[in-house]
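Listing of run07.txt; format and content: compact mmCIF, C-alpha atoms.
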```txt
# COMPACT_ATOMS: atom_id res chain seq x y z
CA ARG G 137 0.00 0.00 0.00
CA LYS G 138 0.97 3.61 -0.48
CA ILE G 139 2.60 5.16 2.60
CA ILE G 140 2.64 8.92 3.12
CA PHE G 141 5.16 10.17 5.69
CA GLU G 142 6.62 13.65 6.17
CA LYS G 143 5.22 14.93 2.81
CA GLN G 144 6.83 11.93 1.11
CA TRP G 145 5.01 8.95 -0.44
CA PHE G 146 6.50 5.56 -1.22
CA TYR G 147 5.88 1.81 -1.40
CA LEU G 148 7.63 -0.60 0.99
CA ASP G 149 7.74 -3.61 -1.37
CA ASN G 150 11.48 -3.30 -2.09
CA ALA G 151 12.33 -3.05 1.62
CA ILE G 152 11.32 -6.68 2.29
CA GLY G 153 14.37 -8.85 2.90
CA HIS G 154 16.69 -6.04 4.02
CA ILE G 155 17.96 -5.70 7.57
CA TYR G 156 16.68 -3.04 10.00
CA GLY G 157 18.70 0.17 9.86
CA THR G 158 19.06 0.09 6.07
CA THR G 159 18.84 3.52 4.44
CA PHE G 160 16.76 3.77 1.27
CA GLU G 161 16.43 6.42 -1.39
CA VAL G 162 12.98 7.15 -2.82
CA THR G 163 13.14 7.00 -6.60
CA SER G 164 10.55 8.05 -9.17
CA GLY G 165 7.26 6.17 -8.75
CA GLY G 166 7.73 5.89 -4.99
CA ASN G 167 10.01 2.83 -5.17
CA LEU G 168 12.75 2.31 -2.59
CA GLN G 169 16.36 1.60 -3.48
CA PRO G 170 19.12 0.92 -0.92
CA LYS G 171 21.33 3.98 -0.72
CA GLN G 172 24.97 3.35 -1.39
CA GLU G 173 27.20 5.12 1.07
CA VAL G 174 29.27 7.74 -0.68
CA GLU G 175 32.00 9.57 1.17
CA GLU G 176 31.42 13.29 1.10
CA THR G 177 34.25 14.97 -0.73
CA THR G 178 35.54 18.00 1.15
CA THR G 179 38.07 19.17 -1.38
CA GLU G 180 36.91 22.77 -1.26
CA THR G 181 37.94 24.71 1.78
CA LYS G 182 34.81 26.16 3.27
CA GLU G 183 34.62 29.90 3.39
CA ALA G 184 32.82 31.02 6.50
CA GLY G 185 32.15 34.36 8.12
CA THR G 186 32.94 35.33 11.70
CA ASP G 187 29.36 36.23 12.68
CA ASN G 188 25.87 36.65 11.22
CA ARG G 189 25.19 40.25 12.27
CA ASN G 190 25.35 41.68 8.73
CA ILE G 191 23.03 39.06 7.19
CA VAL G 192 19.52 40.38 6.54
CA ASP G 193 16.70 37.94 5.78
CA ASP G 194 14.94 39.91 3.03
CA GLY G 195 14.07 36.85 0.88
CA LYS G 196 16.39 37.96 -1.95
CA SER G 197 19.49 35.95 -1.03
CA GLN G 198 18.41 32.85 -3.07
CA LYS G 199 18.61 33.30 -6.84
CA LEU G 200 16.77 30.03 -7.65
CA THR G 201 12.98 30.37 -7.71
CA HIS G 202 10.35 27.70 -6.94
CA ASP G 203 9.83 27.15 -10.66
CA ASP G 204 13.57 26.58 -11.17
CA ILE G 205 13.65 23.99 -8.38
CA LYS G 206 10.54 22.29 -9.79
CA ALA G 207 12.18 22.17 -13.24
CA LEU G 208 15.28 20.55 -11.71
CA LYS G 209 13.08 17.92 -10.02
CA ASP G 210 11.23 17.22 -13.27
CA LYS G 211 14.55 16.64 -15.05
CA GLY G 212 15.26 13.89 -12.49
CA ILE G 213 18.12 15.65 -10.74
CA LYS G 214 18.75 14.11 -7.31
CA GLY G 215 18.27 15.93 -4.02
CA GLN G 216 21.98 16.16 -3.30
CA GLU G 217 22.59 18.07 -6.52
CA ILE G 218 19.64 20.40 -5.86
CA VAL G 219 21.10 21.22 -2.41
CA GLN G 220 24.47 21.95 -4.02
CA GLN G 221 22.85 24.32 -6.52
CA LEU G 222 20.96 26.08 -3.71
CA ILE G 223 24.26 26.64 -1.89
CA GLU G 224 25.94 27.99 -5.04
CA ASN G 225 23.05 30.36 -5.80
CA SER G 226 22.83 31.71 -2.24
CA THR G 227 24.46 35.14 -1.90
CA THR G 228 24.67 35.00 1.92
CA PHE G 229 25.92 31.42 2.38
CA ARG G 230 29.64 32.29 2.42
CA ASP G 231 29.08 35.09 4.95
CA LYS G 232 27.41 32.74 7.48
CA THR G 233 29.33 31.12 10.33
CA GLU G 234 30.38 27.47 10.04
CA PHE G 235 27.59 26.40 12.45
CA ALA G 236 24.98 28.36 10.47
CA GLN G 237 26.21 26.81 7.21
CA ASP G 238 25.86 23.26 8.61
CA LYS G 239 22.38 24.12 9.88
CA TYR G 240 21.39 25.46 6.44
CA ILE G 241 22.67 22.32 4.65
CA LYS G 242 20.82 20.00 7.09
CA LYS G 243 17.59 21.93 6.60
CA LYS G 244 17.80 21.79 2.80
CA LYS G 245 18.79 18.11 2.79
CA LYS G 246 15.73 17.27 4.88
CA LYS G 247 13.52 19.13 2.43
CA TYR G 248 14.91 17.92 -0.90
CA GLU G 249 16.71 14.62 -0.24
CA ALA G 250 14.19 11.74 -0.14
CA VAL G 251 16.11 9.39 2.14
CA ILE G 252 14.42 6.92 4.52
CA THR G 253 15.91 4.67 7.20
CA ILE G 254 13.78 1.76 8.46
CA VAL G 255 14.35 1.17 12.16
CA LYS G 256 13.25 -1.77 14.33
CA PRO G 257 10.24 -0.70 16.45
CA SER G 258 10.73 -0.37 20.20
CA THR G 259 8.95 1.18 23.18
CA ARG G 260 11.25 4.21 23.11
CA ILE G 261 10.70 4.95 19.41
CA LEU G 262 6.92 4.38 19.48
CA SER G 263 6.32 6.36 22.67
CA THR G 264 8.41 9.29 21.35
CA MET G 265 6.54 9.18 18.03
CA TYR G 266 3.08 9.05 19.64
CA TYR G 267 3.92 11.84 22.11
CA ALA G 268 5.25 14.09 19.32
CA ARG G 269 2.49 13.43 16.77
CA GLU G 270 -0.69 12.27 18.55
CA PRO G 271 -0.35 12.82 22.32
CA GLY G 272 -4.14 12.82 22.79
CA LYS G 273 -4.34 9.17 21.76
CA ILE G 274 -2.02 8.14 24.61
CA ASN G 275 -3.49 10.53 27.23
CA HIS G 276 -0.37 12.74 26.98
CA LEU G 277 1.77 9.96 28.50
CA ARG G 278 5.37 11.10 28.03
CA TYR G 279 8.10 8.55 27.32
CA ASP G 280 10.01 9.17 30.57
CA THR G 281 6.79 8.70 32.57
CA LEU G 282 6.21 5.39 30.76
CA ALA G 283 9.75 4.32 31.68
CA GLN G 284 9.00 5.20 35.34
CA MET G 285 5.81 3.08 35.19
CA LEU G 286 7.69 0.03 33.92
CA THR G 287 10.32 0.42 36.66
CA LEU G 288 7.91 1.09 39.54
CA GLY G 289 5.69 -1.79 38.38
CA ASN G 290 8.68 -4.19 38.59
CA ILE G 291 7.83 -5.68 35.20
CA HIS G 292 9.99 -8.61 34.18
CA ALA G 293 9.76 -12.02 32.53
CA GLY G 294 7.53 -14.56 34.27
CA ASN G 295 5.19 -12.01 35.85
CA LYS G 296 1.40 -12.21 35.94
CA MET G 297 0.35 -8.63 35.18
CA ILE G 298 -3.00 -6.83 35.07
CA VAL G 299 -2.98 -3.91 32.63
CA MET G 300 -5.82 -1.41 32.33
CA GLU G 301 -5.08 1.27 29.75
CA THR G 302 -6.72 3.51 27.17
CA CYS G 303 -3.47 4.57 25.47
CA ALA G 304 -4.09 2.82 22.11
CA GLY G 305 -2.19 -0.26 23.37
CA LEU G 306 1.15 1.52 23.90
CA VAL G 307 1.42 0.63 27.61
CA LEU G 308 0.38 -2.97 26.88
CA GLY G 309 3.05 -3.21 24.15
CA ALA G 310 5.69 -1.78 26.52
CA VAL G 311 4.78 -4.39 29.18
CA MET G 312 4.85 -7.20 26.59
CA GLU G 313 8.26 -6.08 25.32
CA ARG G 314 9.68 -5.97 28.86
CA MET G 315 8.29 -9.45 29.66
CA GLY G 316 9.69 -10.92 26.43
CA GLY G 317 6.87 -13.45 25.90
CA TYR G 318 7.24 -15.11 29.33
CA GLY G 319 4.47 -14.86 31.91
CA SER G 320 0.86 -13.81 31.44
CA ILE G 321 -0.93 -10.48 30.93
CA ILE G 322 -4.61 -9.77 31.53
CA GLN G 323 -5.78 -6.66 29.71
CA MET G 324 -8.87 -5.01 31.21
CA TYR G 325 -10.84 -3.09 28.60
CA PRO G 326 -13.89 -0.82 28.50
CA GLY G 327 -16.54 -1.11 25.78
CA GLY G 328 -16.89 -3.83 23.17
CA GLY G 329 -13.27 -4.92 22.82
CA PRO G 330 -9.61 -4.08 23.54
CA VAL G 331 -7.81 -1.43 21.45
CA ARG G 332 -4.34 -2.55 20.32
CA ALA G 333 -3.37 -0.16 17.53
CA ALA G 334 0.06 0.65 19.01
CA THR G 335 0.62 -2.96 20.17
CA SER G 336 0.43 -4.18 16.56
CA CYS G 337 3.19 -1.68 15.60
CA PHE G 338 5.72 -3.51 17.82
CA GLY G 339 5.74 -6.49 15.44
CA PHE G 340 5.70 -9.13 18.19
CA PRO G 341 5.85 -12.80 17.12
CA LYS G 342 2.73 -14.97 17.59
CA PRO G 343 3.94 -16.70 20.80
CA PHE G 344 3.83 -13.31 22.57
CA PHE G 345 0.04 -13.26 22.16
CA ASP G 346 -0.51 -16.80 23.48
CA ASN G 347 -0.39 -15.62 27.11
CA LEU G 348 -2.26 -12.36 26.49
CA HIS G 349 -5.81 -12.45 27.90
CA GLU G 350 -8.54 -9.83 27.94
CA PHE G 351 -11.41 -9.21 30.33
CA PRO G 352 -14.16 -6.55 30.17
CA LEU G 353 -14.38 -3.95 32.94
CA SER G 354 -18.18 -4.30 32.94
CA LYS G 355 -17.88 -7.83 34.40
CA VAL G 356 -15.36 -7.09 37.17
CA GLN G 357 -18.02 -6.51 39.85
CA SER G 358 -19.88 -9.70 38.93
CA LEU G 359 -16.57 -11.62 39.16
CA LEU G 360 -15.86 -10.16 42.61
CA SER G 361 -19.39 -10.91 43.85
CA GLY G 362 -19.30 -14.45 42.41
CA THR G 363 -22.20 -14.00 39.98
CA PHE G 364 -20.07 -14.05 36.83
CA SER G 365 -21.22 -16.27 33.95
CA THR G 366 -20.19 -16.54 30.31
CA GLU G 367 -23.82 -16.56 29.08
CA THR G 368 -24.74 -20.07 27.97
CA LEU G 369 -21.24 -21.29 27.19
CA PRO G 370 -21.43 -24.38 24.93
CA ALA G 371 -20.51 -27.61 26.72
CA GLU G 372 -18.37 -28.87 23.83
CA PRO G 373 -16.40 -27.09 21.10
CA GLU G 374 -17.59 -26.49 17.59
CA GLU G 375 -17.94 -30.24 16.83
CA THR G 376 -21.51 -30.41 18.16
CA ALA G 377 -22.52 -27.30 16.25
CA LEU G 378 -20.92 -28.64 13.09
CA VAL G 379 -22.62 -32.03 13.42
CA GLU G 380 -26.00 -30.34 13.94
CA GLU G 381 -25.46 -28.06 10.95
CA GLU G 382 -24.34 -30.96 8.76
CA SER G 383 -27.40 -33.01 9.70
CA ASN G 384 -29.64 -30.01 9.02
CA GLY G 385 -27.90 -29.49 5.71
CA LEU G 386 -28.33 -33.14 4.75
CA SER G 387 -32.03 -33.11 5.65
CA GLU G 388 -32.52 -29.91 3.62
CA GLU G 389 -30.71 -31.42 0.65
CA LYS G 390 -32.83 -34.61 0.90
CA GLN G 391 -36.01 -32.56 1.08
CA SER G 392 -34.99 -30.51 -1.96
CA SER G 393 -34.09 -33.68 -3.89
CA LEU G 394 -37.43 -35.27 -2.96
CA GLN G 395 -39.28 -32.14 -4.07
CA GLU G 396 -37.38 -32.19 -7.36
CA THR G 397 -38.30 -35.85 -7.96
CA GLU G 398 -41.94 -35.13 -7.17
CA GLU G 399 -42.00 -32.14 -9.49
CA GLU G 400 -40.28 -33.94 -12.38
CA PRO G 401 -43.24 -36.06 -13.56
CA ALA G 402 -45.63 -33.14 -13.26
CA THR G 403 -43.47 -30.90 -15.46
CA GLU G 404 -42.88 -33.27 -18.35
CA ALA G 405 -42.12 -31.58 -21.66
CA PRO G 406 -44.89 -31.82 -24.30
CA MET G 407 -44.19 -33.61 -27.61
CA ASP G 408 -44.25 -30.34 -29.60
CA ILE G 409 -41.05 -28.86 -28.01
CA SER G 410 -37.89 -29.44 -29.99
CA PRO G 411 -34.80 -31.12 -28.32
CA THR G 412 -32.71 -27.88 -28.38
CA GLU G 413 -35.34 -26.04 -26.35
CA GLU G 414 -35.39 -28.93 -23.87
CA GLN G 415 -31.60 -28.69 -23.41
CA ASP G 416 -31.77 -24.91 -22.81
CA THR G 417 -34.41 -25.24 -20.11
CA MET G 418 -32.47 -28.06 -18.46
CA ASP G 419 -29.24 -25.97 -18.42
CA ILE G 420 -31.02 -22.97 -16.86
CA ASN G 421 -32.59 -25.17 -14.16
CA ALA G 422 -29.21 -26.79 -13.40
CA GLU G 423 -27.54 -23.37 -13.07
CA ASP G 424 -30.27 -22.16 -10.71
CA VAL G 425 -29.89 -25.24 -8.54
CA GLU G 426 -26.07 -24.84 -8.43
CA PHE G 427 -26.38 -21.15 -7.54
CA LYS G 428 -28.81 -21.94 -4.72
CA GLU G 429 -26.59 -24.74 -3.42
CA ASN G 430 -23.50 -22.46 -3.42
CA LYS G 431 -25.41 -19.73 -1.61
CA GLU G 432 -26.64 -22.19 1.02
CA LYS G 433 -23.09 -23.49 1.52
CA GLU G 434 -21.73 -19.94 1.95
CA ASN G 435 -24.44 -19.13 4.51
CA LYS G 436 -23.71 -22.32 6.43
CA GLU G 437 -19.97 -21.55 6.44
CA ASN G 438 -20.60 -18.02 7.71
CA VAL G 439 -22.84 -19.30 10.51
CA ARG G 440 -20.22 -21.93 11.35
CA GLU G 441 -17.42 -19.33 11.49
CA LYS G 442 -19.50 -17.04 13.68
CA GLN G 443 -20.27 -19.88 16.10
CA ILE G 444 -16.60 -20.91 16.24
CA LYS G 445 -15.50 -17.30 16.90
CA GLN G 446 -18.17 -16.87 19.58
CA TRP G 447 -17.12 -20.09 21.26
CA GLU G 448 -13.42 -19.10 21.16
CA ARG G 449 -14.22 -15.68 22.63
CA ARG G 450 -16.19 -17.23 25.49
CA LYS G 451 -13.41 -19.75 26.08
CA LYS G 452 -10.84 -16.92 26.33
CA LEU G 453 -13.16 -14.98 28.65
CA LYS G 454 -13.47 -18.05 30.89
CA GLU G 455 -9.66 -18.46 30.96
CA ALA G 456 -9.16 -14.79 31.90
CA ALA G 457 -11.82 -15.07 34.63
CA ALA G 458 -10.07 -18.16 36.03
CA LEU G 459 -6.73 -16.30 36.15
CA LEU G 460 -8.32 -13.32 37.93
CA ARG G 461 -10.15 -15.52 40.44
CA GLU G 462 -6.79 -16.79 41.70
CA LYS G 463 -6.17 -13.23 43.03
CA ASN G 464 -2.40 -13.66 42.80
CA ALA G 465 -1.36 -11.08 40.16
CA ASP G 466 2.23 -9.84 40.46
CA GLY G 467 1.38 -6.23 39.61
CA LEU G 468 -1.17 -3.75 38.35
CA ILE G 469 -0.72 -0.97 35.79
CA VAL G 470 -3.50 1.59 35.25
CA ALA G 471 -3.22 4.33 32.60
CA SER G 472 -6.67 5.40 31.45
CA LYS G 473 -8.85 8.41 30.76
CA PHE G 474 -11.32 7.25 33.46
CA HIS G 475 -11.26 8.28 37.11
CA PRO G 476 -8.62 6.10 38.78
CA THR G 477 -10.26 5.63 42.23
CA PRO G 478 -13.05 3.11 41.43
CA LEU G 479 -10.80 1.32 38.93
CA LEU G 480 -7.94 0.88 41.37
CA LEU G 481 -10.08 -0.11 44.37
CA SER G 482 -11.79 -2.90 42.39
CA LEU G 483 -8.69 -4.15 40.52
CA LEU G 484 -6.48 -4.25 43.64
CA GLU G 485 -8.64 -7.19 44.83
CA PHE G 486 -6.95 -9.38 42.19
CA VAL G 487 -3.37 -8.43 43.20
CA ALA G 488 -1.38 -10.62 45.62
CA PRO G 489 0.10 -9.06 48.80
CA SER G 490 3.55 -7.44 48.67
CA ARG G 491 3.17 -6.55 44.98
CA PRO G 492 3.59 -3.13 43.30
CA PHE G 493 0.89 -1.11 41.54
CA VAL G 494 1.20 2.05 39.42
CA VAL G 495 -1.54 4.46 38.34
CA TYR G 496 -1.02 7.14 35.69
CA CYS G 497 -3.20 10.20 35.27
CA GLN G 498 -2.70 13.33 33.20
CA TYR G 499 -3.94 15.47 36.12
CA LYS G 500 -2.98 15.57 39.78
CA GLU G 501 -6.42 16.02 41.44
CA PRO G 502 -7.91 12.56 40.65
CA LEU G 503 -4.75 10.90 42.00
CA LEU G 504 -4.94 12.99 45.22
CA GLU G 505 -8.47 11.69 45.75
CA CYS G 506 -7.27 8.16 45.00
CA TYR G 507 -4.39 8.62 47.49
CA THR G 508 -6.76 9.63 50.34
CA LYS G 509 -9.19 6.77 49.58
CA LEU G 510 -6.36 4.23 49.68
CA ARG G 511 -5.12 5.63 53.01
CA GLU G 512 -8.64 5.29 54.44
CA ARG G 513 -9.08 1.76 53.08
CA GLY G 514 -5.68 0.44 54.11
CA GLY G 515 -4.00 -2.61 52.61
CA VAL G 516 -1.28 -0.53 50.92
CA ILE G 517 2.09 0.87 51.98
CA ASN G 518 4.76 3.14 50.51
CA LEU G 519 2.21 5.31 48.69
CA LYS G 520 3.90 7.93 46.51
CA LEU G 521 2.51 10.58 44.21
CA SER G 522 5.20 11.79 41.82
CA GLU G 523 5.79 13.78 38.65
CA THR G 524 8.87 13.37 36.48
CA TRP G 525 10.50 16.47 35.08
CA LEU G 526 12.18 16.27 31.70
CA ARG G 527 14.49 18.71 29.94
CA ASN G 528 16.00 18.00 26.54
CA TYR G 529 19.52 19.22 25.86
CA GLN G 530 21.21 19.88 22.54
CA VAL G 531 24.69 18.44 22.96
CA LEU G 532 27.05 19.67 20.24
CA PRO G 533 30.62 20.99 20.31
CA ASP G 534 30.72 24.55 21.74
CA ARG G 535 26.93 24.89 21.58
CA SER G 536 25.32 22.63 24.23
CA HIS G 537 22.19 24.18 25.71
CA PRO G 538 18.64 23.22 26.74
CA LYS G 539 16.20 23.05 23.86
CA LEU G 540 13.85 26.01 23.66
CA THR G 541 10.69 23.95 23.11
CA MET G 542 10.34 21.98 26.34
CA SER G 543 7.48 19.72 27.42
CA GLY G 544 5.22 21.31 30.05
CA GLY G 545 4.19 18.15 31.84
CA GLY G 546 4.20 14.41 31.33
CA GLY G 547 1.47 13.46 33.80
CA TYR G 548 1.48 12.12 37.38
CA LEU G 549 2.09 8.68 38.89
CA LEU G 550 0.66 7.12 42.04
CA SER G 551 2.59 4.05 43.13
CA GLY G 552 2.53 1.75 46.14
CA ILE G 553 2.83 -1.82 47.42
CA THR G 554 -0.06 -4.05 48.49
CA VAL G 555 -0.21 -5.74 51.91
CA ILE G 556 -2.74 -8.12 53.49
CA LEU G 557 -5.86 -6.22 54.49
CA GLU G 558 -7.58 -7.54 57.63
CA LYS G 559 -11.10 -6.27 57.13
CA GLY G 560 -12.34 -6.93 60.67
CA LYS G 561 -9.62 -4.89 62.34
CA SER G 562 -9.53 -2.00 59.88
CA ASP G 563 -12.62 -0.18 61.27
CA SER G 564 -11.62 -0.54 64.92
CA SER G 565 -8.03 0.54 64.25
CA ASN G 566 -9.25 3.65 62.43
CA SER G 567 -11.51 4.63 65.35
CA GLU G 568 -8.65 4.04 67.84
CA ALA G 569 -6.34 6.19 65.73
CA LEU G 570 -8.92 8.99 65.71
CA LYS G 571 -9.23 8.79 69.52
CA MET G 572 -5.48 9.01 69.93
CA GLU G 573 -5.36 12.10 67.68
CA GLU G 574 -7.97 13.98 69.79
CA PRO G 575 -6.78 16.07 72.76
CA SER G 576 -7.19 14.51 76.24
CA SER G 577 -9.76 17.13 77.35
CA LYS G 578 -12.05 16.31 74.41
CA ARG G 579 -11.71 12.56 75.06
CA CYS G 580 -12.78 13.01 78.67
CA LYS G 581 -15.83 15.06 77.69
CA LEU G 582 -16.91 12.45 75.14
CA GLN G 583 -16.58 9.67 77.71
CA ASP G 584 -18.51 11.58 80.45
CA LEU G 585 -21.51 12.25 78.20
CA PRO G 586 -24.61 10.17 79.17
CA CYS G 587 -25.79 7.57 76.65
```

What would you get if you wrote out this structure as structure tokens?
Amino acid sequence: RKIIFEKQWFYLDNAIGHIYGTTFEVTSGGNLQPKQEVEETTTETKEAGTDNRNIVDDGKSQKLTHDDIKALKDKGIKGQEIVQQLIENSTTFRDKTEFAQDKYIKKKKKKYEAVITIVKPSTRILSTMYYAREPGKINHLRYDTLAQMLTLGNIHAGNKMIVMETCAGLVLGAVMERMGGYGSIIQMYPGGGPVRAATSCFGFPKPFFDNLHEFPLSKVQSLLSGTFSTETLPAEPEETALVEEESNGLSEEKQSSLQETEEEPATEAPMDISPTEEQDTMDINAEDVEFKENKEKENKENVREKQIKQWERRKKLKEAAALLREKNADGLIVASKFHPTPLLLSLLEFVAPSRPFVVYCQYKEPLLECYTKLRERGGVINLKLSETWLRNYQVLPDRSHPKLTMSGGGGYLLSGITVILEKGKSDSSNSEALKMEEPSSKRCKLQDLPC
């Protein structure tokens, strides 16, 4: 298919079979050709000015017009040659400093040289790309915050993780990459089904998805209360359904054949009709019968496929429910657009004691509410509400400095560790703690009051 990227369109057919990191040149017709590395000849000694104070950007320094550049492109002249001609026709290029000249060349190369490097997808690349291009799709989750989540969640191979996210599958993909195909992941999803647009971009092999389960958020409460059911789950796999359908199909075919045999004597051709006309009518009838049979077969196959898919979905749902019922998950990651408090309080029931949990939210206030609710409930320790601060630096010889366009905020994280919650003692301990906090004079007055 045609791919449009950075005002450039091309086809990826020729890239198949090459290793990651190969640089391609886009030729006419959008085809890719591996670029042969050519050493840049620096025979000419660069003339450079001492400073740029006398350069005025009046738009008249470049002699080549848009039409001239378009004509060069139409002739089939490569981007490198166009850049060279732009340099030669610039009246201010030689007066610029060496740094300014390099900057100018880089800018023009990016614009006119159609060069593409295909890189192996990773969490770092995908999170940077999503944050730069479509931050709304990932709830403005910055890449350093995602790295903090993976570290605080103690994600490693062999874990049993619960992931609840509405970040287009980016967090799920990051967890899968860190686990390397070992262990199991249960993805909690809202609505009709899980969204895994970013997960598919990682290019994981099939075994990675064998231990990936999904469970709807709408059925969490029923699972906790013990009223969960998979709505008339078939006792056996598709074999029973197939046998039934086959028998129905056979009976229908028999009925149709019987009807045909009954109708045959009634519709005998009169003696007047010629043999050619008889053949024509017979051919038309045969075609109609074949068409009907094919249509019936297609319908049966569609019904069969639907039943198989439905059965597989229910089977997966049952497997995910069984994993959650064990209540021994090794961690919980929440990064969604929903309010974190009800999500976290219900999902923490499935996490084993002494395990980490991490909650991401774009704003601080929902996490503050979540923090206070967890303190009231108990069963958690080491609660921390944090925000990572990121500053990008340009590191170049004699010109290292922070980049001017800096990210305002990458969201907030609430992390902690679960402990065993003794429900009977929690209420009494809270009341005792409140008594201890009150001054002695108030305590005495409360005790002296008549019942």

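For G:Lys138, the non-local neighbours within 9 Å, defined as residues at least 2 positions apart in the same chain or in other chains and counting only C-alpha atoms, are G:Ile140, G:Trp145, G:Phe146, G:Tyr147, G:Leu148, G:Gly166.
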
Close residues, G:Gly294 itself excluded, 12 Å, only C-alpha atoms, min 6 positions apart in chain, as a count of residues only: 14

Nearest candidate to G:Lys256 (options G:Thr158, G:Cys303, G:Pro170, G:Arg278; using only C-alpha atoms): G:Thr158

Atom CA of G:Val251 to atom CA of G:Val162, straight-line distance in Å: 6.3 Å

Point-to-point distance from atom CA of G:Lys246 to atom CA of G:Arg260, Å rounded to tenths: 22.9 Å

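Of note, atom CA of G:Ser522 and atom CA of G:Val307 are spaced 18.5 Å apart.
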
Residue neighbourhood G:Leu460, 9 Å, all atoms listed in the file, exclusion window fewer than 5 positions, as a PyMOL selection string: chain G and resi 298+322+359+455+465+486-487

From (11.1, 19.3, 31.6), in the file's coordinates, out to 12 Å: which residues are reached, counting only C-alpha atoms? Answer as a PDB file with C-alpha atoms, keeping the file's coordinate frame.
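Just written: result12.pdb:
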```
ATOM      1  CA  ARG G 278       5.370  11.100  28.030  1.00  0.00           C
ATOM      2  CA  TYR G 279       8.100   8.550  27.320  1.00  0.00           C
ATOM      3  CA  ASP G 280      10.010   9.170  30.570  1.00  0.00           C
ATOM      4  CA  THR G 281       6.790   8.700  32.570  1.00  0.00           C
ATOM      5  CA  GLU G 523       5.790  13.780  38.650  1.00  0.00           C
ATOM      6  CA  THR G 524       8.870  13.370  36.480  1.00  0.00           C
ATOM      7  CA  TRP G 525      10.500  16.470  35.080  1.00  0.00           C
ATOM      8  CA  LEU G 526      12.180  16.270  31.700  1.00  0.00           C
ATOM      9  CA  ARG G 527      14.490  18.710  29.940  1.00  0.00           C
ATOM     10  CA  ASN G 528      16.000  18.000  26.540  1.00  0.00           C
ATOM     11  CA  TYR G 529      19.520  19.220  25.860  1.00  0.00           C
ATOM     12  CA  PRO G 538      18.640  23.220  26.740  1.00  0.00           C
ATOM     13  CA  LYS G 539      16.200  23.050  23.860  1.00  0.00           C
ATOM     14  CA  LEU G 540      13.850  26.010  23.660  1.00  0.00           C
ATOM     15  CA  THR G 541      10.690  23.950  23.110  1.00  0.00           C
ATOM     16  CA  MET G 542      10.340  21.980  26.340  1.00  0.00           C
ATOM     17  CA  SER G 543       7.480  19.720  27.420  1.00  0.00           C
ATOM     18  CA  GLY G 544       5.220  21.310  30.050  1.00  0.00           C
ATOM     19  CA  GLY G 545       4.190  18.150  31.840  1.00  0.00           C
ATOM     20  CA  GLY G 546       4.200  14.410  31.330  1.00  0.00           C
ATOM     21  CA  GLY G 547       1.470  13.460  33.800  1.00  0.00           C
TER      22      GLY G 547
END
```

Exercise: G:Leu282 partners within 12 Å, all atoms listed in the file, chain neighbours under 6 positions left out, as number ranges by chain: G: 259-260, 262-264, 267, 274-276, 288-289, 303, 306-311, 469-471, 494-497, 523-524, 546-549

Who sits within 12 Å of G:Arg511, all atoms listed in the file, same chain under 5 positions skipped, as a ChimeraX atom specification: /G:477,481,504-506,516-520,552,554,557,562,566
